[in-house]
Structure formats: C-alpha cells, structure tokens
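One structure below.
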Amino acid sequence: MKPSKKNPKSSKKKTCIGVLTAGGDSPGLNAAIRAIGKTAIGKGWNVIGFRDGFLGMLEDRWVELKKEDLANILTVGGTVLGTSRLKPHRMGTPKGPVDVRDKLVATYKRHKLTALVCIGGGGTHKNALKLAEKGLNIVTLPKTIDNDVAHTDSTIGFATALEIATDAIDRLHSTAHSHHRIILAEIMGHRAGWLAMGAGLAGGADVILVPEIPYDVNKIAAAIKRRVARGTKFSIVAVAEGARSIEDTRAYEAARQAGKSATNAAQKRIAKTVIAKLDADHEDNIFRLARQLNTLTGLDSRVSILGYIQRGGTPSHRDRLLGTRLGTTCVERIADGKFGIMVGVDGDRITTTPISKVAGNLKTLPLDHPLIRSARHLGTNLGD
C-alpha cells in the first residue's frame, strides 16, 4: 500500500468510507479491515485507511484501500494500518491537553466520507463517541485481548490470546513439576479477568487470580501446602496483571472514593497522587507475590511474564471469523444508514449497540459466571 497524496477519484455520488485501528494491536484486526474493504468495494464504494489510528487522521495520513491491498492479510497479525493511543479530545502537548477534534472533522469532510469505522477497545469507544458528538457518522468494532468491551460476548483478538496464554501454561507445567516449583504466570488483564480465568482454567492452573476477586496470600499458600501434603510438590498460579490483594484493593478503592468525593482541586490532586503511587507499586506485584509464597510455603517460586506475546502472531480461526463477520456487517449497517453504533456479537448473533451505551462501561467477569463456578467445583483456588 503506497500512501496517496490526492483524494481517490470518484464521482460525487460515490460513497467513501474511512477505517482506522486504535489502541493496542491484536490478532484479527486485518481480517476486519479486509472484510470492510472487500465488502465496501463490492458495493462500488471507495475505502481509505488512516495510518496509526486517530493520529494519522489528525495528520491526514491515509491510503486508498484496493482489492490488491487487501489480499494476503487475513492471516497476518497486528494491523496493516498501524495504531496509536491518541485521545482527540485530550491530545497531550507540552502545554497541556488540547482538543483536536475539529481537525479530525476537517479531515473527514475533506475526504467527503459517508462514515468512519473505528476498530478498538474501551478507549477507542470513548474517542469515537467524542467524534460522534461532533456530528461524524461513526461505526465501531470491538477489539481487545482483554475482552472487556461492554455489550459484546467477544472482542477481536481475545480468542487468539486465550490460545496463546493456555499454551504457555501448558508448557510451564513440565518445568514446575520437574523442579518442584511454584510458577506464577502473569497474564494480561488490568481491569478484567476474562483472559486469566479462561487460560488458567483451560491450562489446569492450580490458582487463578483475577481483578474481580481480591486475594489473600495466606489462603493461596494454604492451598499450595495442601497440595504438597498430598504429594504434589508443584503449583501453577495464573495471575492477571490487575489482580490485587485484599489490602491493596482496599487502599485503591479508598483512594478512588476520595477522588470522587473531593470538593476542591487540591483534594483531587492528592487522590490522583495516591492512585499513581499505588499503580506504580503494583507493577512488580507478581514478584512480590512470588517472594511471599516462597516464604510461606518453602517452595522455590519463579515468575513468567507472558507480556506482548499474548497479542502477537497469526490470528486463530475464531478471530478471523469474528473480524470477518463484524467487518461485513459493519458495511451493511452503513449502507442502511445506521450510525453511532458498535457492531458486536451475542452468541452466534451479530448485534448493534449505541456507542453511548458502550463508551465508559467495562465488562468485568461476573462473580457468578460459569467459568468461576467451574473453577470452584474443580477445587481451583481463587485467592479468596
């Protein structure tokens, strides 16, 4: 794909849509881009892709997507368009946040777009809503390996990440068993435990810690010692990035409440400072937990951080199909004149939800979810 300098040739009546990917990358994005492009081109429309998310739209960096550009990208990980985390209504500058939405509106109008498709997670949906409030025709698709976007059962990238994390846990079993160790595997998921719970359960982890369930390290240690007493001298602990101890959770919630109830700027700044420190302290939480378990159980503890490997590489068939279905339906809804919506999935059914109901809402793992019930039936320790 070579960048274009002029608007694509088209008649005044020809529909033109834009597409961008924003936030973190994930497997299946290219399947969605391909589906949007091929379906739109099949209708005789023009399609342009903005480079690097909202940043590329701000700078008017774009490329016309043609059939040949969409060939051979279905199985490619990441996003061929690139991505960024720019917030159009609060772009960071040396002088402070600046609202640049009017510049994006100008880009939209310059290309005479009928609609803009934004593919991303929670932050992208907030940004998309802010642009819709400026009068742009927006349609979104949910993407994040955390699977925490509201009003959709699954998000683009989640299925592949789940397979990768499960495979990693499978591989850690042999080392843990051979060396009689506790191995803690850190899995992505700052605010929701879908990935850690799914991978932990599928991989047979002995302990699974998620943000939704504050943990007691003493109860984890007791569960591991019971395993040792039965003759099993190793344990696998699947830990979501956002999992916190009961004490840390109380401190964090207290700081959040203080921020919400603050009556002046000084109190708000203090609350933000406390939260920032708690977040900074939490960055090495898994290493602290490993040291604690080592002391409490007497077993050697090791940490394996899966990191970005979870959202890289070839997308699974599930994410290819999801991206394809969401992308084709997205174009159908644009053809119907439906805007301000997210195209999601409910079981096998494709759904549409107003972006206003999605933005700002987080889909966390319900405490009565079948995954949690199954884990408890199996005797998996959840830290509580």
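By convention in this document, the chains of the structure tokens carry letters A, B, ... by their order, each chain's residues are numbered from 1, and ligands are numbered from 1 in the order they are shown.
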message = Please list as a list in words every residue within 6 Å of stretch 86-92 of chain A, counting only C-alpha atoms and excluding residues in the same chain fewer than 5 positions away.
response = Leu55, Pro97, Val98, Asp99, Val100 and Arg101 of chain A
Any chance you could export the current selection's N, CA and C atoms as a compact mmCIF listing (two decimals), in the first residue's frame?
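Writing the result to selection-v9.txt gives the following:
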# COMPACT_ATOMS: atom_id res chain seq x y z
N LEU A 55 -4.21 9.47 15.28
CA LEU A 55 -3.06 10.32 14.97
C LEU A 55 -2.92 10.51 13.46
N PRO A 97 -3.18 19.28 27.76
CA PRO A 97 -4.11 18.65 26.83
C PRO A 97 -4.78 19.65 25.89
N VAL A 98 -4.95 19.23 24.63
CA VAL A 98 -5.58 20.07 23.62
C VAL A 98 -6.66 19.27 22.89
N ASP A 99 -7.79 19.88 22.66
CA ASP A 99 -8.89 19.26 21.91
C ASP A 99 -8.65 19.47 20.42
N VAL A 100 -8.38 18.38 19.69
CA VAL A 100 -8.09 18.50 18.25
C VAL A 100 -9.19 17.88 17.40
N ARG A 101 -10.36 17.69 17.98
CA ARG A 101 -11.44 17.03 17.25
C ARG A 101 -11.83 17.79 15.99
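Distance check against A:Asp148 using only C-alpha atoms: of A:His177, A:Thr351, A:Asp206, A:Gly193, the minimum falls on A:Gly193.
Comparing A:Ala238, A:Leu365, A:Ala375, A:Leu184 by their smallest distance to A:Leu289, the closest is A:Leu184 (using only C-alpha atoms).
The shell of residues at most 9 Å from A:Ala32, with only C-alpha atoms counted and near chain neighbours (fewer than 4 positions) removed, consists of Gly28, Ile36, Gly37, Leu74, Ile119, Leu141, Ile156, Arg320, Leu321, Leu322, Gly323, Thr324, Arg325, Leu326, Gly327 and Thr328 of chain A.
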Per-residue DSSP, stretch 280-355 of chain A, filtered to helix (DSSP H, G or I), as a PyMOL selection string = chain A and resi 280-282+285-297+307-311+317-335+355
Create the file for the chosen residues now, containing C-alpha atoms and written as an mmCIF file, in the first residue's frame.
data_model
loop_
_atom_site.group_PDB
_atom_site.id
_atom_site.type_symbol
_atom_site.label_atom_id
_atom_site.label_comp_id
_atom_site.auth_asym_id
_atom_site.auth_seq_id
_atom_site.Cartn_x
_atom_site.Cartn_y
_atom_site.Cartn_z
ATOM 1 C CA ALA A 280 3.464 2.184 40.435
ATOM 2 C CA ASP A 281 3.818 -0.137 43.434
ATOM 3 C CA HIS A 282 1.579 -2.674 41.703
ATOM 4 C CA ASN A 285 3.123 -7.203 42.284
ATOM 5 C CA ILE A 286 3.743 -10.648 40.811
ATOM 6 C CA PHE A 287 7.356 -10.634 42.023
ATOM 7 C CA ARG A 288 6.219 -9.590 45.496
ATOM 8 C CA LEU A 289 3.634 -12.378 45.452
ATOM 9 C CA ALA A 290 6.294 -14.885 44.390
ATOM 10 C CA ARG A 291 8.507 -13.866 47.311
ATOM 11 C CA GLN A 292 5.598 -14.149 49.720
ATOM 12 C CA LEU A 293 4.674 -17.642 48.513
ATOM 13 C CA ASN A 294 8.299 -18.718 48.690
ATOM 14 C CA THR A 295 8.438 -17.666 52.350
ATOM 15 C CA LEU A 296 5.037 -19.091 53.308
ATOM 16 C CA THR A 297 5.368 -22.467 51.533
ATOM 17 C CA GLY A 307 3.651 -9.931 28.022
ATOM 18 C CA TYR A 308 3.056 -8.847 24.446
ATOM 19 C CA ILE A 309 3.479 -12.359 23.093
ATOM 20 C CA GLN A 310 -0.186 -12.826 24.036
ATOM 21 C CA ARG A 311 -1.400 -10.456 21.340
ATOM 22 C CA HIS A 317 -9.720 -19.156 13.096
ATOM 23 C CA ARG A 318 -12.134 -17.728 15.678
ATOM 24 C CA ASP A 319 -10.688 -14.234 15.434
ATOM 25 C CA ARG A 320 -10.534 -14.409 11.633
ATOM 26 C CA LEU A 321 -14.204 -15.368 11.521
ATOM 27 C CA LEU A 322 -15.207 -12.780 14.127
ATOM 28 C CA GLY A 323 -13.317 -9.998 12.345
ATOM 29 C CA THR A 324 -14.844 -11.048 9.036
ATOM 30 C CA ARG A 325 -18.407 -11.185 10.349
ATOM 31 C CA LEU A 326 -18.148 -7.883 12.197
ATOM 32 C CA GLY A 327 -16.499 -6.185 9.211
ATOM 33 C CA THR A 328 -19.054 -7.292 6.638
ATOM 34 C CA THR A 329 -21.980 -6.455 8.911
ATOM 35 C CA CYS A 330 -20.454 -3.060 9.623
ATOM 36 C CA VAL A 331 -20.632 -2.158 5.927
ATOM 37 C CA GLU A 332 -24.209 -3.452 5.722
ATOM 38 C CA ARG A 333 -25.219 -1.158 8.594
ATOM 39 C CA ILE A 334 -23.531 1.815 6.891
ATOM 40 C CA ALA A 335 -25.463 1.005 3.723
ATOM 41 C CA ILE A 355 -21.790 3.709 21.171
#
task = Tell me which protein, DNA and RNA residues are within 10 Å of A:Gly347, counting only C-alpha atoms, leaving out same-chain ones fewer than 5 positions away, and put them as a count of residues only.
result = 3
ask   = Quick one: distance from atom CA of A:Thr114 to atom CA of A:Leu29 in Å, one decimal?
value = 21.7 Å
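Using only C-alpha atoms, the smallest distance between any of A:Ala161, A:Ala240, A:Leu116, A:Val19 and A:Leu65 comes from A:Val19.
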query = A:Ala150: which residues within 12 Å, counting only C-alpha atoms, same-chain residues fewer than 2 positions away excluded, as a ChimeraX atom specification?
reply = /A:121-122,125,141-144,146-148,152-155,192,342-346,352-365
ask   = Using only C-alpha atoms, which residue out of A:Ala251, A:Ile372, A:Leu382, A:Ala262 lies closest to A:Asn218?
value = A:Leu382
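Here atom CA of A:Asn127 and atom CA of A:Lys277 stand 26.8 Å from one another.
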request  = Identify, with DSSP run on backbone atoms, the residues in stretch 81-251 of chain A assigned to strand (DSSP E), and express the list as an NGL selection string.
outcome  = :A and (115-120 or 138-142 or 182-187 or 207-209 or 235-240)
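Between atom CA of A:Thr15 and atom CA of A:Val139 lies a distance of 15.2 Å.
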query = In terms of the shortest atom-to-atom distance over only C-alpha atoms, which of A:Val239, A:Glu212, A:Ala196, A:Gly259 is closest to A:Asp368?
reply = A:Glu212
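The environment of A:Ser316 within 8 Å, counting only C-alpha atoms and disregarding residues fewer than 5 places along the same chain, consists of Pro27, Gly28, Ala159 and Thr160 of chain A.
Nearest residue to A:His369 among A:Ile138, A:Met197, A:Ala254, A:Ile305 is A:Met197, counting only C-alpha atoms.
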